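Next comes work-v4.txt, with compact mmCIF, N, CA and C atoms.
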# COMPACT_ATOMS: atom_id res chain seq x y z
N MET A 1380 118.81 37.38 43.49
CA MET A 1380 117.56 37.77 44.03
C MET A 1380 117.23 36.94 45.25
N ALA A 1381 116.64 37.59 46.27
CA ALA A 1381 116.36 36.91 47.52
C ALA A 1381 115.07 36.12 47.41
N LYS A 1382 115.05 35.04 48.16
CA LYS A 1382 113.84 34.22 48.18
C LYS A 1382 112.82 34.89 49.09
N THR A 1383 111.62 35.06 48.57
CA THR A 1383 110.59 35.70 49.38
C THR A 1383 109.50 34.74 49.82
N ARG A 1384 109.47 33.58 49.18
CA ARG A 1384 108.44 32.62 49.57
C ARG A 1384 109.01 31.65 50.58
N GLY A 1385 108.09 31.19 51.44
CA GLY A 1385 108.54 30.24 52.46
C GLY A 1385 108.91 28.90 51.87
N ARG A 1386 109.53 28.10 52.68
CA ARG A 1386 109.99 26.81 52.23
C ARG A 1386 108.80 25.89 51.98
N GLY A 1387 108.75 25.21 50.94
CA GLY A 1387 107.72 24.24 50.62
C GLY A 1387 106.49 24.87 49.97
N ARG A 1388 106.52 26.15 49.84
CA ARG A 1388 105.37 26.79 49.19
C ARG A 1388 105.82 27.31 47.84
N GLY A 1389 104.98 27.13 46.94
CA GLY A 1389 105.28 27.62 45.61
C GLY A 1389 104.23 28.64 45.20
N LYS A 1390 104.27 28.94 43.96
CA LYS A 1390 103.29 29.86 43.42
C LYS A 1390 101.95 29.15 43.39
N VAL A 1391 100.89 29.85 43.79
CA VAL A 1391 99.56 29.23 43.80
C VAL A 1391 98.95 29.42 42.43
N ASN A 1392 98.74 28.33 41.74
CA ASN A 1392 98.06 28.36 40.45
C ASN A 1392 96.70 27.71 40.64
N SER A 1393 95.70 28.51 40.94
CA SER A 1393 94.39 27.96 41.24
C SER A 1393 93.45 28.26 40.08
N THR A 1394 92.80 27.22 39.58
CA THR A 1394 91.79 27.41 38.54
C THR A 1394 90.39 27.32 39.12
N LYS A 1395 90.32 26.99 40.38
CA LYS A 1395 89.03 26.85 41.04
C LYS A 1395 88.48 28.24 41.36
N VAL A 1396 87.17 28.44 41.07
CA VAL A 1396 86.53 29.73 41.35
C VAL A 1396 86.21 29.78 42.84
N ALA A 1397 86.63 30.84 43.48
CA ALA A 1397 86.41 30.98 44.92
C ALA A 1397 84.92 31.22 45.19
N LYS A 1398 84.40 30.50 46.16
CA LYS A 1398 83.00 30.66 46.54
C LYS A 1398 82.86 31.92 47.38
N ARG A 1399 81.92 32.76 46.99
CA ARG A 1399 81.72 33.99 47.73
C ARG A 1399 81.00 33.71 49.03
N LYS A 1400 81.37 34.44 50.03
CA LYS A 1400 80.77 34.27 51.34
C LYS A 1400 79.89 35.48 51.65
N GLY A 1401 78.80 35.26 52.37
CA GLY A 1401 77.94 36.36 52.76
C GLY A 1401 76.84 36.61 51.73
N PRO A 1402 75.89 37.42 52.11
CA PRO A 1402 74.77 37.67 51.20
C PRO A 1402 75.17 38.61 50.06
N ASN A 1403 74.51 38.42 48.97
CA ASN A 1403 74.69 39.34 47.85
C ASN A 1403 73.31 39.67 47.30
N SER A 1404 73.25 40.60 46.41
CA SER A 1404 71.95 41.08 45.94
C SER A 1404 71.17 40.01 45.19
N VAL A 1405 71.83 39.10 44.52
CA VAL A 1405 71.14 38.06 43.76
C VAL A 1405 70.45 37.08 44.70
N SER A 1406 71.13 36.66 45.75
CA SER A 1406 70.52 35.70 46.67
C SER A 1406 69.39 36.34 47.46
N ASP A 1407 69.50 37.65 47.76
CA ASP A 1407 68.42 38.33 48.48
C ASP A 1407 67.16 38.40 47.64
N VAL A 1408 67.32 38.59 46.34
CA VAL A 1408 66.16 38.69 45.46
C VAL A 1408 65.44 37.36 45.38
N ARG A 1409 66.18 36.28 45.34
CA ARG A 1409 65.56 34.96 45.26
C ARG A 1409 64.80 34.62 46.53
N LYS A 1410 65.24 35.10 47.67
CA LYS A 1410 64.65 34.73 48.96
C LYS A 1410 63.45 35.60 49.35
N THR A 1411 63.29 36.77 48.75
CA THR A 1411 62.23 37.68 49.17
C THR A 1411 61.11 37.73 48.16
N LYS A 1412 59.92 38.05 48.66
CA LYS A 1412 58.76 38.23 47.79
C LYS A 1412 58.65 39.71 47.46
N SER A 1413 57.99 40.00 46.38
CA SER A 1413 57.79 41.40 46.03
C SER A 1413 56.72 41.99 46.95
N MET A 1414 56.72 43.30 47.11
CA MET A 1414 55.73 43.97 47.95
C MET A 1414 54.33 43.77 47.41
N ASP A 1415 54.19 43.71 46.08
CA ASP A 1415 52.88 43.48 45.50
C ASP A 1415 52.33 42.11 45.90
N ALA A 1416 53.19 41.10 45.96
CA ALA A 1416 52.74 39.78 46.35
C ALA A 1416 52.37 39.74 47.83
N VAL A 1417 53.11 40.44 48.66
CA VAL A 1417 52.83 40.46 50.09
C VAL A 1417 51.53 41.20 50.38
N LEU A 1418 51.34 42.35 49.74
CA LEU A 1418 50.16 43.18 50.00
C LEU A 1418 48.95 42.74 49.19
N GLY A 1419 49.15 41.95 48.18
CA GLY A 1419 48.04 41.49 47.35
C GLY A 1419 47.51 42.59 46.45
N ILE A 1420 48.40 43.41 45.94
CA ILE A 1420 47.99 44.52 45.08
C ILE A 1420 48.05 44.06 43.63
N ALA A 1421 46.97 44.30 42.92
CA ALA A 1421 46.94 43.97 41.50
C ALA A 1421 47.19 45.24 40.70
N PRO A 1422 47.83 45.14 39.58
CA PRO A 1422 48.08 46.34 38.78
C PRO A 1422 46.78 46.93 38.23
N ILE A 1423 46.75 48.23 38.08
CA ILE A 1423 45.57 48.92 37.57
C ILE A 1423 45.59 48.83 36.05
N GLU A 1424 44.44 48.53 35.50
CA GLU A 1424 44.34 48.46 34.05
C GLU A 1424 43.64 49.72 33.56
N PHE A 1425 44.31 50.47 32.73
CA PHE A 1425 43.74 51.69 32.15
C PHE A 1425 43.24 51.39 30.75
N LEU A 1426 42.08 51.90 30.46
CA LEU A 1426 41.53 51.72 29.13
C LEU A 1426 41.80 52.97 28.30
N ASP A 1427 41.95 52.78 27.01
CA ASP A 1427 42.19 53.90 26.11
C ASP A 1427 40.90 54.68 25.85
N VAL A 1428 39.77 54.08 26.12
CA VAL A 1428 38.48 54.70 25.86
C VAL A 1428 38.16 55.68 26.98
N GLU A 1429 37.77 56.90 26.63
CA GLU A 1429 37.38 57.91 27.61
C GLU A 1429 35.95 57.62 28.07
N ASP A 1430 35.65 57.97 29.31
CA ASP A 1430 34.28 57.87 29.79
C ASP A 1430 33.41 58.87 29.05
N GLU A 1431 32.15 58.56 28.90
CA GLU A 1431 31.24 59.47 28.23
C GLU A 1431 31.05 60.75 29.04
N ASP A 1432 31.07 60.63 30.37
CA ASP A 1432 30.86 61.79 31.23
C ASP A 1432 32.04 62.75 31.18
N SER A 1433 33.25 62.21 31.07
CA SER A 1433 34.41 63.09 31.12
C SER A 1433 34.57 63.87 29.83
N GLY A 1434 34.33 63.26 28.70
CA GLY A 1434 34.37 63.95 27.41
C GLY A 1434 35.60 64.81 27.25
N ASP A 1435 35.43 65.97 26.65
CA ASP A 1435 36.53 66.92 26.47
C ASP A 1435 36.36 68.09 27.42
N LYS A 1436 36.19 67.82 28.69
CA LYS A 1436 35.97 68.86 29.70
C LYS A 1436 37.25 69.10 30.50
N ILE A 1437 38.31 69.44 29.82
CA ILE A 1437 39.59 69.62 30.49
C ILE A 1437 39.54 70.79 31.46
N GLY A 1438 38.93 71.90 31.07
CA GLY A 1438 38.88 73.08 31.93
C GLY A 1438 37.56 73.21 32.67
N ALA A 1439 36.76 72.12 32.75
CA ALA A 1439 35.44 72.19 33.37
C ALA A 1439 35.56 72.31 34.89
N ILE A 1440 34.58 72.97 35.49
CA ILE A 1440 34.53 73.15 36.95
C ILE A 1440 33.86 71.92 37.55
N PRO A 1441 34.44 71.35 38.61
CA PRO A 1441 33.83 70.18 39.25
C PRO A 1441 32.44 70.54 39.79
N PRO A 1442 31.55 69.56 39.90
CA PRO A 1442 30.17 69.83 40.31
C PRO A 1442 30.04 70.52 41.67
N GLY A 1443 30.88 70.22 42.63
CA GLY A 1443 30.78 70.82 43.95
C GLY A 1443 31.18 72.29 43.98
N PHE A 1444 31.88 72.77 42.95
CA PHE A 1444 32.37 74.14 42.94
C PHE A 1444 31.63 75.06 41.96
N GLN A 1445 30.61 74.53 41.35
CA GLN A 1445 29.83 75.34 40.42
C GLN A 1445 28.91 76.27 41.20
N GLU A 1446 28.59 77.40 40.59
CA GLU A 1446 27.67 78.34 41.24
C GLU A 1446 26.28 77.74 41.23
N PRO A 1447 25.52 77.95 42.33
CA PRO A 1447 24.17 77.39 42.36
C PRO A 1447 23.26 78.10 41.35
N ALA A 1448 22.20 77.40 40.98
CA ALA A 1448 21.24 77.97 40.04
C ALA A 1448 20.54 79.15 40.72
N PRO A 1449 20.10 80.14 39.95
CA PRO A 1449 19.41 81.29 40.55
C PRO A 1449 18.13 80.85 41.27
N LEU A 1450 17.87 81.47 42.43
CA LEU A 1450 16.71 81.11 43.24
C LEU A 1450 15.55 82.07 42.98
N SER A 1451 14.37 81.56 43.21
CA SER A 1451 13.20 82.43 43.12
C SER A 1451 13.20 83.34 44.35
N PRO A 1452 12.45 84.44 44.33
CA PRO A 1452 12.43 85.34 45.49
C PRO A 1452 12.02 84.65 46.78
N LYS A 1453 11.05 83.73 46.72
CA LYS A 1453 10.59 83.03 47.92
C LYS A 1453 11.70 82.13 48.48
N SER A 1454 12.30 81.33 47.61
CA SER A 1454 13.36 80.42 48.08
C SER A 1454 14.60 81.20 48.50
N SER A 1455 14.87 82.33 47.87
CA SER A 1455 15.99 83.17 48.27
C SER A 1455 15.76 83.73 49.67
N LEU A 1456 14.55 84.20 49.94
CA LEU A 1456 14.22 84.71 51.28
C LEU A 1456 14.33 83.60 52.32
N ARG A 1457 13.85 82.41 51.98
CA ARG A 1457 13.92 81.27 52.89
C ARG A 1457 15.38 80.93 53.21
N SER A 1458 16.25 80.96 52.21
CA SER A 1458 17.67 80.68 52.41
C SER A 1458 18.32 81.73 53.30
N ILE A 1459 17.98 83.00 53.07
CA ILE A 1459 18.55 84.08 53.88
C ILE A 1459 18.11 83.96 55.33
N VAL A 1460 16.82 83.66 55.56
CA VAL A 1460 16.30 83.50 56.92
C VAL A 1460 16.97 82.31 57.61
N GLN A 1461 17.15 81.23 56.88
CA GLN A 1461 17.81 80.05 57.45
C GLN A 1461 19.24 80.37 57.85
N GLN A 1462 19.98 81.07 57.01
CA GLN A 1462 21.36 81.44 57.34
C GLN A 1462 21.40 82.38 58.54
N ASP A 1463 20.43 83.28 58.65
CA ASP A 1463 20.36 84.19 59.79
C ASP A 1463 20.10 83.43 61.08
N ASP A 1464 19.19 82.43 61.02
CA ASP A 1464 18.91 81.60 62.20
C ASP A 1464 20.15 80.82 62.63
N ILE A 1465 20.86 80.30 61.67
CA ILE A 1465 22.09 79.54 61.98
C ILE A 1465 23.11 80.47 62.64
N ARG A 1466 23.25 81.70 62.11
CA ARG A 1466 24.19 82.66 62.68
C ARG A 1466 23.81 82.99 64.12
N LYS A 1467 22.50 83.22 64.39
CA LYS A 1467 22.05 83.54 65.75
C LYS A 1467 22.31 82.38 66.70
N ASP A 1468 22.04 81.16 66.25
CA ASP A 1468 22.31 79.98 67.10
C ASP A 1468 23.80 79.87 67.42
N PHE A 1469 24.62 80.13 66.43
CA PHE A 1469 26.06 80.03 66.66
C PHE A 1469 26.55 81.12 67.60
N VAL A 1470 26.04 82.34 67.46
CA VAL A 1470 26.41 83.42 68.37
C VAL A 1470 25.99 83.07 69.79
N HIS A 1471 24.77 82.50 69.96
CA HIS A 1471 24.30 82.08 71.29
C HIS A 1471 25.24 81.02 71.87
N PHE A 1472 25.65 80.06 71.04
CA PHE A 1472 26.57 79.02 71.50
C PHE A 1472 27.89 79.63 71.95
N LEU A 1473 28.43 80.56 71.18
CA LEU A 1473 29.71 81.18 71.55
C LEU A 1473 29.60 81.95 72.86
N GLU A 1474 28.48 82.68 73.07
CA GLU A 1474 28.29 83.42 74.31
C GLU A 1474 28.19 82.47 75.50
N ALA A 1475 27.44 81.38 75.34
CA ALA A 1475 27.31 80.40 76.42
C ALA A 1475 28.67 79.76 76.72
N ASN A 1476 29.42 79.48 75.69
CA ASN A 1476 30.74 78.88 75.87
C ASN A 1476 31.66 79.84 76.62
N GLU A 1477 31.62 81.11 76.27
CA GLU A 1477 32.45 82.11 76.94
C GLU A 1477 32.07 82.26 78.41
N GLN A 1478 30.75 82.26 78.70
CA GLN A 1478 30.29 82.37 80.09
C GLN A 1478 30.73 81.16 80.90
N CYS A 1479 30.60 80.00 80.32
CA CYS A 1479 30.99 78.76 81.01
C CYS A 1479 32.49 78.77 81.29
N PHE A 1480 33.28 79.18 80.32
CA PHE A 1480 34.73 79.24 80.50
C PHE A 1480 35.10 80.23 81.60
N ALA A 1481 34.43 81.40 81.62
CA ALA A 1481 34.71 82.41 82.65
C ALA A 1481 34.35 81.87 84.03
N LYS A 1482 33.22 81.19 84.14
CA LYS A 1482 32.80 80.63 85.43
C LYS A 1482 33.79 79.58 85.91
N ILE A 1483 34.19 78.69 85.02
CA ILE A 1483 35.13 77.63 85.40
C ILE A 1483 36.45 78.25 85.82
N THR A 1484 36.93 79.22 85.07
CA THR A 1484 38.19 79.87 85.39
C THR A 1484 38.11 80.58 86.73
N ASN A 1485 36.99 81.29 86.97
CA ASN A 1485 36.79 82.01 88.23
C ASN A 1485 36.72 81.03 89.40
N ASP A 1486 35.99 79.92 89.22
CA ASP A 1486 35.89 78.91 90.28
C ASP A 1486 37.25 78.29 90.58
N ASP A 1487 38.04 78.04 89.54
CA ASP A 1487 39.38 77.47 89.74
C ASP A 1487 40.28 78.43 90.50
N ILE A 1488 40.20 79.72 90.17
CA ILE A 1488 41.03 80.72 90.85
C ILE A 1488 40.65 80.79 92.32
N GLN A 1489 39.35 80.80 92.60
CA GLN A 1489 38.89 80.86 94.00
C GLN A 1489 39.31 79.60 94.74
N HIS A 1490 39.22 78.46 94.09
CA HIS A 1490 39.61 77.19 94.72
C HIS A 1490 41.10 77.19 95.07
N PHE A 1491 41.95 77.65 94.14
CA PHE A 1491 43.38 77.68 94.40
C PHE A 1491 43.73 78.70 95.49
N GLU A 1492 43.03 79.83 95.49
CA GLU A 1492 43.28 80.85 96.54
C GLU A 1492 42.90 80.28 97.90
N GLN A 1493 41.77 79.58 97.97
CA GLN A 1493 41.33 78.98 99.23
C GLN A 1493 42.31 77.90 99.68
N GLN A 1494 42.80 77.13 98.74
CA GLN A 1494 43.76 76.07 99.08
C GLN A 1494 45.05 76.66 99.60
N SER A 1495 45.52 77.74 98.99
CA SER A 1495 46.77 78.34 99.44
C SER A 1495 46.61 78.98 100.82
N GLU A 1496 45.41 79.51 101.13
CA GLU A 1496 45.18 80.07 102.47
C GLU A 1496 45.12 78.97 103.52
N ASP A 1497 44.56 77.81 103.17
CA ASP A 1497 44.48 76.68 104.10
C ASP A 1497 45.86 76.11 104.40
N ASN A 1498 46.76 76.16 103.45
CA ASN A 1498 48.11 75.61 103.63
C ASN A 1498 48.99 76.52 104.48
N LYS A 1499 48.61 77.77 104.69
CA LYS A 1499 49.45 78.69 105.46
C LYS A 1499 49.38 78.44 106.90

Spell out the structure here as structure tokens.
Amino acid sequence: MAKTRGRGRGKVNSTKVAKRKGPNSVSDVRKTKSMDAVLGIAPIEFLDVEDEDSGDKIGAIPPGFQEPAPLSPKSSLRSIVQQDDIRKDFVHFLEANEQCFAKITNDDIQHFEQQSEDNK
């Protein structure tokens, strides 16, 4: 059999554990803080006791989505008149906005036409 090892070298019988080089997951964990510690977040504590208000209202409608109580004829008329006034004000606003937009657009077109005639 041919000799494959160089002269003066023998078989390496090492019992020494090789030191790992570079970062590993264990050293990274020791060096970093948790996000909770950085942000200062405390865990939420849940109690087993239900609130008295929540009770057994699993299918209950939230307060903001419940139908309003029936109105008297006077208050119903007042509400209808108020809604009509709001609608009229909004329609007036939209008409004024449309007129203003048309005027600005018309003025811009005339300005650009005048500018292009001056450049000729």

query: Suppose you want the space between CA of Gly1443 (chain A) and CA of Leu1456 (chain A); what is it in Å?
result: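 Between CA of Gly1443 (chain A) and CA of Leu1456 (chain A) the gap is 22.8 Å.
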
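Of note, atom N of Thr1484 (chain A) and atom N of Asp1468 (chain A) are spaced 24.1 Å apart.
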
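The coordinates place atom N of Gln1462 (chain A) at 28.5 Å from atom N of Ala1481 (chain A).
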